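Pasted below: model-v3.cif, mmCIF, C-alpha atoms.
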```cif
data_entry
loop_
_atom_site.group_PDB
_atom_site.id
_atom_site.type_symbol
_atom_site.label_atom_id
_atom_site.label_comp_id
_atom_site.auth_asym_id
_atom_site.auth_seq_id
_atom_site.Cartn_x
_atom_site.Cartn_y
_atom_site.Cartn_z
ATOM 1 C CA MET O 1280 6.624 14.914 20.663
ATOM 2 C CA LYS O 1281 7.478 16.682 17.460
ATOM 3 C CA THR O 1282 5.419 18.030 14.653
ATOM 4 C CA GLU O 1283 6.223 16.201 11.453
ATOM 5 C CA GLU O 1284 8.899 18.009 9.471
ATOM 6 C CA ARG O 1285 9.205 18.221 5.710
ATOM 7 C CA ASN O 1286 12.128 16.261 4.378
ATOM 8 C CA CYS O 1287 15.195 18.242 3.540
ATOM 9 C CA THR O 1288 14.807 17.740 -0.209
ATOM 10 C CA ASN O 1289 11.306 19.266 -0.119
ATOM 11 C CA SER O 1290 10.039 16.298 -2.124
ATOM 12 C CA PRO O 1291 6.337 15.573 -1.646
ATOM 13 C CA ARG O 1292 5.555 12.530 0.471
ATOM 14 C CA VAL O 1293 2.889 9.920 -0.218
ATOM 15 C CA ARG O 1294 1.945 7.109 2.141
ATOM 16 C CA ILE O 1295 0.481 3.862 0.828
ATOM 17 C CA VAL O 1296 -0.894 0.893 2.760
ATOM 18 C CA VAL O 1297 -0.936 -2.573 1.158
ATOM 19 C CA LEU O 1298 -3.576 -4.957 2.521
ATOM 20 C CA GLY O 1299 -4.357 -8.607 1.895
ATOM 21 C CA MET O 1300 -4.354 -12.069 3.383
ATOM 22 C CA ILE O 1301 -1.215 -14.144 3.807
ATOM 23 C CA SER O 1302 0.434 -15.620 0.713
ATOM 24 C CA VAL O 1303 -1.208 -13.283 -1.797
ATOM 25 C CA GLY O 1304 2.126 -11.641 -2.674
ATOM 26 C CA LYS O 1305 1.903 -8.264 -0.905
ATOM 27 C CA SER O 1306 5.591 -8.117 0.000
ATOM 28 C CA ALA O 1307 6.672 -9.423 -3.399
ATOM 29 C CA LEU O 1308 4.483 -6.780 -5.048
ATOM 30 C CA THR O 1309 5.895 -3.943 -2.951
ATOM 31 C CA VAL O 1310 9.525 -4.942 -3.442
ATOM 32 C CA ARG O 1311 8.971 -5.549 -7.160
ATOM 33 C CA TYR O 1312 7.603 -2.016 -7.565
ATOM 34 C CA LEU O 1313 10.353 -0.360 -5.550
ATOM 35 C CA THR O 1314 13.375 -2.347 -6.768
ATOM 36 C CA ARG O 1315 12.308 -4.281 -9.907
ATOM 37 C CA ARG O 1316 13.430 -7.425 -8.067
ATOM 38 C CA TYR O 1317 11.341 -10.508 -7.387
ATOM 39 C CA ILE O 1318 11.826 -11.870 -3.898
ATOM 40 C CA GLY O 1319 9.222 -14.617 -3.949
ATOM 41 C CA GLU O 1320 6.678 -14.893 -1.173
ATOM 42 C CA TYR O 1321 7.403 -15.101 2.502
ATOM 43 C CA ARG O 1322 5.352 -14.833 5.651
ATOM 44 C CA SER O 1323 5.808 -12.149 8.276
ATOM 45 C CA ASN O 1324 3.873 -11.556 11.494
ATOM 46 C CA THR O 1325 4.901 -7.902 11.566
ATOM 47 C CA ASP O 1326 4.043 -4.852 9.512
ATOM 48 C CA LEU O 1327 6.877 -3.705 7.249
ATOM 49 C CA LEU O 1328 7.499 -0.061 6.386
ATOM 50 C CA TYR O 1329 9.310 0.651 3.101
ATOM 51 C CA ARG O 1330 10.624 4.111 2.354
ATOM 52 C CA GLN O 1331 12.009 5.168 -1.001
ATOM 53 C CA THR O 1332 12.135 8.084 -3.426
ATOM 54 C CA VAL O 1333 10.687 7.423 -6.859
ATOM 55 C CA THR O 1334 10.229 9.603 -9.914
ATOM 56 C CA ILE O 1335 6.670 10.253 -11.045
ATOM 57 C CA ASN O 1336 6.010 12.542 -14.009
ATOM 58 C CA ASN O 1337 9.657 13.650 -13.920
ATOM 59 C CA SER O 1338 9.385 14.755 -10.280
ATOM 60 C CA PRO O 1339 10.797 13.038 -7.167
ATOM 61 C CA VAL O 1340 8.215 11.715 -4.715
ATOM 62 C CA GLU O 1341 9.080 10.264 -1.327
ATOM 63 C CA VAL O 1342 6.988 7.113 -0.901
ATOM 64 C CA GLU O 1343 6.295 5.292 2.350
ATOM 65 C CA ILE O 1344 4.556 1.925 1.969
ATOM 66 C CA ILE O 1345 3.290 -0.171 4.874
ATOM 67 C CA ASP O 1346 2.921 -3.854 4.060
ATOM 68 C CA VAL O 1347 0.339 -4.881 6.651
ATOM 69 C CA SER O 1348 0.825 -8.377 8.022
ATOM 70 C CA GLY O 1349 -1.865 -10.789 6.845
ATOM 71 C CA GLU O 1350 -1.387 -13.260 9.699
ATOM 72 C CA THR O 1351 -4.757 -12.463 11.254
ATOM 73 C CA ARG O 1352 -8.169 -11.295 10.104
ATOM 74 C CA ASP O 1353 -9.399 -10.543 13.618
ATOM 75 C CA CYS O 1354 -8.875 -6.787 13.473
ATOM 76 C CA PHE O 1355 -9.225 -4.492 10.483
ATOM 77 C CA PRO O 1356 -6.194 -2.115 10.402
ATOM 78 C CA VAL O 1357 -8.124 1.137 10.834
ATOM 79 C CA GLU O 1358 -5.126 3.123 12.086
ATOM 80 C CA GLN O 1359 -2.977 2.113 9.120
ATOM 81 C CA ILE O 1360 -5.755 3.155 6.735
ATOM 82 C CA GLN O 1361 -6.102 6.525 8.447
ATOM 83 C CA TRP O 1362 -2.327 6.998 8.317
ATOM 84 C CA ALA O 1363 -2.263 6.410 4.581
ATOM 85 C CA ASP O 1364 -2.930 8.614 1.573
ATOM 86 C CA GLY O 1365 -3.901 5.610 -0.553
ATOM 87 C CA CYS O 1366 -4.533 1.890 -0.295
ATOM 88 C CA ILE O 1367 -3.836 -1.152 -2.474
ATOM 89 C CA ILE O 1368 -5.842 -4.258 -1.629
ATOM 90 C CA VAL O 1369 -4.331 -7.474 -2.961
ATOM 91 C CA TYR O 1370 -5.845 -10.903 -3.449
ATOM 92 C CA SER O 1371 -4.739 -14.061 -5.257
ATOM 93 C CA ILE O 1372 -6.765 -15.381 -8.172
ATOM 94 C CA THR O 1373 -5.962 -18.867 -6.844
ATOM 95 C CA ASP O 1374 -7.505 -18.249 -3.412
ATOM 96 C CA ARG O 1375 -11.196 -17.370 -3.128
ATOM 97 C CA GLN O 1376 -10.880 -16.700 0.594
ATOM 98 C CA SER O 1377 -8.336 -13.962 -0.126
ATOM 99 C CA PHE O 1378 -10.810 -12.453 -2.604
ATOM 100 C CA GLN O 1379 -13.528 -12.424 0.033
ATOM 101 C CA TYR O 1380 -11.136 -10.665 2.420
ATOM 102 C CA ALA O 1381 -10.451 -8.048 -0.260
ATOM 103 C CA VAL O 1382 -14.193 -7.491 -0.749
ATOM 104 C CA GLU O 1383 -14.678 -7.033 3.002
ATOM 105 C CA ALA O 1384 -11.684 -4.681 3.193
ATOM 106 C CA LEU O 1385 -13.099 -2.471 0.433
ATOM 107 C CA GLU O 1386 -16.444 -2.353 2.211
ATOM 108 C CA SER O 1387 -14.729 -1.403 5.480
ATOM 109 C CA ILE O 1388 -12.865 1.428 3.748
ATOM 110 C CA GLN O 1389 -16.151 2.709 2.329
ATOM 111 C CA LYS O 1390 -17.538 2.860 5.884
ATOM 112 C CA LEU O 1391 -14.566 5.021 6.915
ATOM 113 C CA LYS O 1392 -15.341 7.682 4.298
ATOM 114 C CA ASN O 1393 -16.917 9.948 6.921
ATOM 115 C CA VAL O 1394 -13.621 9.862 8.837
ATOM 116 C CA THR O 1395 -10.975 9.764 6.147
ATOM 117 C CA SER O 1396 -10.946 9.801 2.365
ATOM 118 C CA VAL O 1397 -8.443 7.236 1.089
ATOM 119 C CA PRO O 1398 -8.454 6.247 -2.588
ATOM 120 C CA ALA O 1399 -8.188 2.482 -3.031
ATOM 121 C CA THR O 1400 -7.052 0.132 -5.785
ATOM 122 C CA LEU O 1401 -8.029 -3.521 -6.091
ATOM 123 C CA LEU O 1402 -5.230 -5.724 -7.416
ATOM 124 C CA ALA O 1403 -5.485 -9.412 -8.325
ATOM 125 C CA ASN O 1404 -2.144 -11.226 -8.246
ATOM 126 C CA LYS O 1405 -0.834 -14.551 -9.643
ATOM 127 C CA ALA O 1406 -2.248 -14.195 -13.138
ATOM 128 C CA ASP O 1407 0.529 -16.584 -14.209
ATOM 129 C CA LEU O 1408 -1.305 -19.354 -12.333
ATOM 130 C CA ALA O 1409 -4.470 -19.197 -14.420
ATOM 131 C CA HIS O 1410 -4.719 -23.007 -14.423
ATOM 132 C CA LEU O 1411 -5.317 -22.803 -10.650
ATOM 133 C CA ARG O 1412 -7.757 -19.896 -10.877
ATOM 134 C CA GLU O 1413 -10.577 -19.755 -8.320
ATOM 135 C CA VAL O 1414 -11.623 -16.138 -8.942
ATOM 136 C CA LYS O 1415 -12.688 -14.957 -12.376
ATOM 137 C CA GLU O 1416 -11.320 -11.653 -13.640
ATOM 138 C CA GLU O 1417 -14.890 -10.436 -14.155
ATOM 139 C CA GLU O 1418 -15.590 -10.902 -10.436
ATOM 140 C CA GLY O 1419 -12.721 -8.619 -9.490
ATOM 141 C CA ARG O 1420 -13.757 -5.986 -12.017
ATOM 142 C CA SER O 1421 -17.341 -6.104 -10.767
ATOM 143 C CA VAL O 1422 -16.295 -5.573 -7.137
ATOM 144 C CA ALA O 1423 -13.994 -2.701 -8.118
ATOM 145 C CA LEU O 1424 -16.759 -1.062 -10.175
ATOM 146 C CA ARG O 1425 -19.207 -1.396 -7.290
ATOM 147 C CA ASN O 1426 -16.733 0.328 -4.953
ATOM 148 C CA GLY O 1427 -15.617 2.962 -7.456
ATOM 149 C CA CYS O 1428 -11.964 1.959 -7.590
ATOM 150 C CA PRO O 1429 -9.483 0.846 -10.286
ATOM 151 C CA PHE O 1430 -8.838 -2.853 -10.877
ATOM 152 C CA TYR O 1431 -5.721 -4.621 -12.156
ATOM 153 C CA GLU O 1432 -4.957 -8.293 -12.658
ATOM 154 C CA VAL O 1433 -1.203 -8.882 -12.652
ATOM 155 C CA SER O 1434 1.578 -11.383 -12.157
ATOM 156 C CA VAL O 1435 4.240 -10.117 -9.788
ATOM 157 C CA ALA O 1436 6.358 -13.177 -10.617
ATOM 158 C CA GLU O 1437 6.306 -12.327 -14.333
ATOM 159 C CA ASN O 1438 6.790 -8.574 -13.752
ATOM 160 C CA SER O 1439 3.498 -7.444 -15.304
ATOM 161 C CA ALA O 1440 3.627 -3.848 -16.500
ATOM 162 C CA ASP O 1441 0.201 -3.209 -14.947
ATOM 163 C CA LEU O 1442 1.556 -3.551 -11.417
ATOM 164 C CA TYR O 1443 3.666 -0.419 -11.958
ATOM 165 C CA GLN O 1444 0.696 1.342 -13.497
ATOM 166 C CA ALA O 1445 -1.400 0.455 -10.444
ATOM 167 C CA PHE O 1446 1.067 2.075 -8.041
ATOM 168 C CA GLU O 1447 1.714 5.101 -10.211
ATOM 169 C CA ALA O 1448 -1.952 5.797 -10.901
ATOM 170 C CA LEU O 1449 -2.613 5.685 -7.150
ATOM 171 C CA LEU O 1450 0.368 7.943 -6.444
ATOM 172 C CA ASN O 1451 -0.870 10.432 -9.044
ATOM 173 C CA GLU O 1452 -4.362 10.426 -7.517
ATOM 174 C CA THR O 1453 -3.052 11.018 -4.012
ATOM 175 C CA ARG O 1454 -0.787 13.804 -5.274
ATOM 176 C CA CYS O 1455 -3.820 15.459 -6.879
ATOM 177 C CA GLN O 1456 -5.666 15.276 -3.571
ATOM 178 C CA GLN O 1457 -2.714 16.816 -1.770
ATOM 179 C CA GLY O 1458 -2.594 19.547 -4.379
ATOM 180 C CA ASN O 1459 -6.250 20.268 -3.657
ATOM 181 C CA GLY O 1460 -5.384 21.107 -0.080
ATOM 182 C CA LYS O 1461 -6.002 17.860 1.796
ATOM 183 C CA THR O 1462 -3.636 17.734 4.759
ATOM 184 C CA ARG O 1463 -1.660 14.898 6.323
ATOM 185 C CA LYS O 1464 -3.582 12.844 8.803
ATOM 186 C CA PHE O 1465 -0.985 10.672 10.488
ATOM 187 C CA SER O 1466 2.740 10.145 10.444
ATOM 188 C CA VAL O 1467 5.051 7.389 11.591
ATOM 189 C CA THR O 1468 8.761 7.534 10.878
ATOM 190 C CA LYS O 1469 10.614 5.126 13.112
ATOM 191 C CA MET O 1470 13.332 4.609 10.603
ATOM 192 C CA ILE O 1471 15.851 1.962 11.548
ATOM 193 C CA GLY O 1472 16.709 -0.890 9.268
ATOM 194 C CA THR O 1473 18.670 -1.975 6.237
ATOM 195 C CA LEU O 1474 19.004 -0.635 2.730
ATOM 196 C CA ILE O 1475 17.020 -2.508 0.127
ATOM 197 C CA GLY O 1476 18.804 -0.748 -2.720
ATOM 198 C CA GLY O 1477 17.252 0.937 -5.684
ATOM 199 C CA GLY O 1478 18.999 -0.068 -8.863
ATOM 200 C CA ASN O 1479 17.006 -1.106 -11.867
ATOM 201 C CA ASN O 1480 17.348 -4.886 -11.911
ATOM 202 C CA GLY O 1481 15.905 -5.468 -15.318
ATOM 203 C CA GLY O 1482 12.242 -5.394 -16.170
ATOM 204 C CA THR O 1483 10.300 -2.521 -17.627
ATOM 205 C CA ASN O 1484 11.068 0.953 -16.387
ATOM 206 C CA ASN O 1485 7.530 2.317 -16.821
ATOM 207 C CA GLY O 1486 8.571 5.859 -15.909
ATOM 208 C CA SER O 1487 9.676 5.308 -12.296
ATOM 209 C CA SER O 1488 13.298 5.695 -11.213
ATOM 210 C CA GLN O 1489 14.534 4.285 -7.916
ATOM 211 C CA HIS O 1490 17.118 6.030 -5.760
ATOM 212 C CA GLY O 1491 17.724 3.671 -2.841
ATOM 213 C CA GLY O 1492 15.564 3.280 0.219
ATOM 214 C CA THR O 1493 14.953 1.730 3.598
ATOM 215 C CA VAL O 1494 12.844 -1.144 4.849
ATOM 216 C CA VAL O 1495 11.835 -1.227 8.515
ATOM 217 C CA VAL O 1496 10.130 -3.865 10.604
ATOM 218 C CA CYS O 1497 7.126 -2.084 12.107
ATOM 219 C CA HIS O 1498 5.682 -3.992 15.039
ATOM 220 C CA LYS O 1499 2.030 -3.099 15.432
ATOM 221 C CA SER O 1500 2.477 -1.994 19.050
ATOM 222 C CA ASP O 1501 5.289 0.392 18.062
ATOM 223 C CA LEU O 1502 3.273 1.703 15.137
ATOM 224 C CA HIS O 1503 0.269 2.462 17.307
ATOM 225 C CA ARG O 1504 2.250 3.967 20.185
ATOM 226 C CA SER O 1505 4.228 6.273 17.909
ATOM 227 C CA ARG O 1506 1.387 8.530 16.832
ATOM 228 C CA VAL O 1507 -1.455 10.617 18.174
ATOM 229 C CA LEU O 1508 -4.722 9.250 16.796
ATOM 230 C CA LYS O 1509 -7.189 11.909 15.701
ATOM 231 C CA ARG O 1510 -10.133 10.749 13.606
ATOM 232 C CA ARG O 1511 -10.502 13.924 11.610
ATOM 233 C CA GLN O 1512 -9.579 14.216 7.955
ATOM 234 C CA ASN O 1513 -8.059 17.698 8.163
ATOM 235 C CA PHE O 1514 -6.075 17.174 11.338
ATOM 236 C CA THR O 1515 -2.283 17.171 11.091
ATOM 237 C CA ALA O 1516 -0.878 14.580 13.473
ATOM 238 C CA THR O 1517 2.296 14.595 15.504
ATOM 239 C CA ALA O 1518 4.588 11.662 16.051
ATOM 240 C CA SER O 1519 7.541 10.812 18.239
ATOM 241 C CA LEU O 1520 10.745 10.391 16.286
#
```
Please render this file's structure as structure tokens.
Amino acid sequence: MKTEERNCTNSPRVRIVVLGMISVGKSALTVRYLTRRYIGEYRSNTDLLYRQTVTINNSPVEVEIIDVSGETRDCFPVEQIQWADGCIIVYSITDRQSFQYAVEALESIQKLKNVTSVPATLLANKADLAHLREVKEEEGRSVALRNGCPFYEVSVAENSADLYQAFEALLNETRCQQGNGKTRKFSVTKMIGTLIGGGNNGGTNNGSSQHGGTVVVCHKSDLHRSRVLKRRQNFTATASL
């Protein structure tokens, strides 16, 4: 077991978890933010860990994003939430069931506040499919207001500028919390995988530069085995590398 080490570039590190049901566009959202590419939607029964360095406010920030598999609703991913510095909850405006899942996820995060303080963002995807809308924009805004979190309605397919703003606002908030002395809670860096690249592939820059990164298949069993779980906000975890 090793204590987590700072990366050699001394860049700050922020960990984000992306939650949502299947087919809401979580993976497409994550890859669009990191690479400016649109991959379309695909289903995965494993968690995916993306790691990349981005530029926020003219400073490099090492970002780790876990795209939590939406294949099952049987178990809320408490450990992933506790691992993270921030959370983005995604639903599709064309799927009311995915909206209900997002509402329940926000409520579950609120219940964890006595264990860990994780800022959350509610993001509605597929705004380009308004003719198939099942969830009104006002409903999403109302839920976000009730839970004290930002709300964005975007189209990942059309490269909405707000999707970049959603990530960057959350990154800025988590960086402020880190600057106020909140320590790391959990770490997992089982980094094997393939480069996803980082060139700007068109689209709006919106102030974030990409520098290449890694995507890793994170099986839930590996993710859970690789860290020491301590349900205390100010505890610094260790992880096997």
Q: Kindly give the distance, in Å, that separates CA of Phe1446 in chain O and CA of Gln1361 in chain O, rounded to a single decimal.
A: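 Taking CA of Phe1446 in chain O as the start and CA of Gln1361 in chain O as the end point, the length is 18.5 Å.
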Q | Separation of CA of Val1382 in chain O from CA of Tyr1370 in chain O in Å | A |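 Answer for the CA of Tyr1370 in chain O to CA of Val1382 in chain O separation: 9.4 Å.
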(Q) Would you compute the distance between CA of Leu1327 in chain O and CA of Ser1348 in chain O? Give it in Å to one decimal. (A) 7.7 Å
Q) When the PyMOL selection byres ((chain O and resi 1299-1305) around 10) is applied to the file above, which residues end up in the set, as a PyMOL selection string? A) chain O and resi 1297-1298+1306-1311+1318-1324+1346-1352+1367-1374+1376-1381+1384+1402-1405+1434-1436
Q) Residues picked by the PyMOL selection byres ((chain O and resi 1409-1419) around 7) here, as a PyMOL selection string? A) chain O and resi 1372-1375+1406-1408+1420-1423
